[in-house]
Amino acid sequence: MPQETNLNVAPYFDDFDPESNYHQVLFKPAYPIQARELNNLQSILQNQIEDMGDNLFKEGSVVIPGQLTYNDRFHCIQIQAEYLGIPVSLYLDQLVGKRITGRDSGVFHMQQLLLLQERVLPIQ
């Protein structure tokens, strides 16, 4: 979906026009790069990606094979980011396959999969 916002105004001055078939921005050596040039580069890339996506997919079409899977028997616990002042992320991979028991709640869980904001660690 194309961007509807007009960026050819201060402070952007992005005058990219997809109809011009202009896909190159040149820079003068020993001169600083201007924001306008960087915005033009970004618009050129955005337009190329959009054109490729429009070529591969129709708006609203289903991607095949695509299916929804829901596991209502997947149970999880949330653990604190630190234990005894040490970030859990430093030794998180060692918790896979271990049984963790809550000190106050008594809740226990066998770790099969650990989810972080940055990565997923499956059981090995």
# chains A, B, ... in the order shown; residues from 1 in each chain; ligands from 1
>>> closest_atom_pairs(of="region 11-81 of chain A", to="region 100-103 of chain A", cutoff="12 Å", atoms="only C-alpha atoms", output="Markdown table")
| residue | atom | partner | partner_atom | distance |
| --- | --- | --- | --- | --- |
| A:Cys76 | CA | A:Ile100 | CA | 11.2 |
| A:Ile77 | CA | A:Ile100 | CA | 9.4 |
| A:Gln78 | CA | A:Gly102 | CA | 10.2 |
| A:Ile79 | CA | A:Gly102 | CA | 8.9 |
| A:Gln80 | CA | A:Gly102 | CA | 10.8 |
>>> select_by_dssp(residues="chain A", states="alpha helix (DSSP H)", output="ChimeraX atom specification")
/A:35-56
>>> closest_residue(among="A:Glu4, A:His109, A:Pro65, A:Leu56", to="Leu95 (chain A)", atoms="only C-alpha atoms")
A:His109
>>> select_by_dssp(residues="chain A", states="strand (DSSP E)", output="count of residues only")
16
>>> residues_around(residues="region 24-31 of chain A", least_positions_apart="6", cutoff="9 Å", atoms="only C-alpha atoms", output="PyMOL selection string")
chain A and resi 37-38+40-41+44
>>> atom_distance(atom1="CA of Gln42 (chain A)", atom2="CA of Tyr22 (chain A)")
13.1 Å
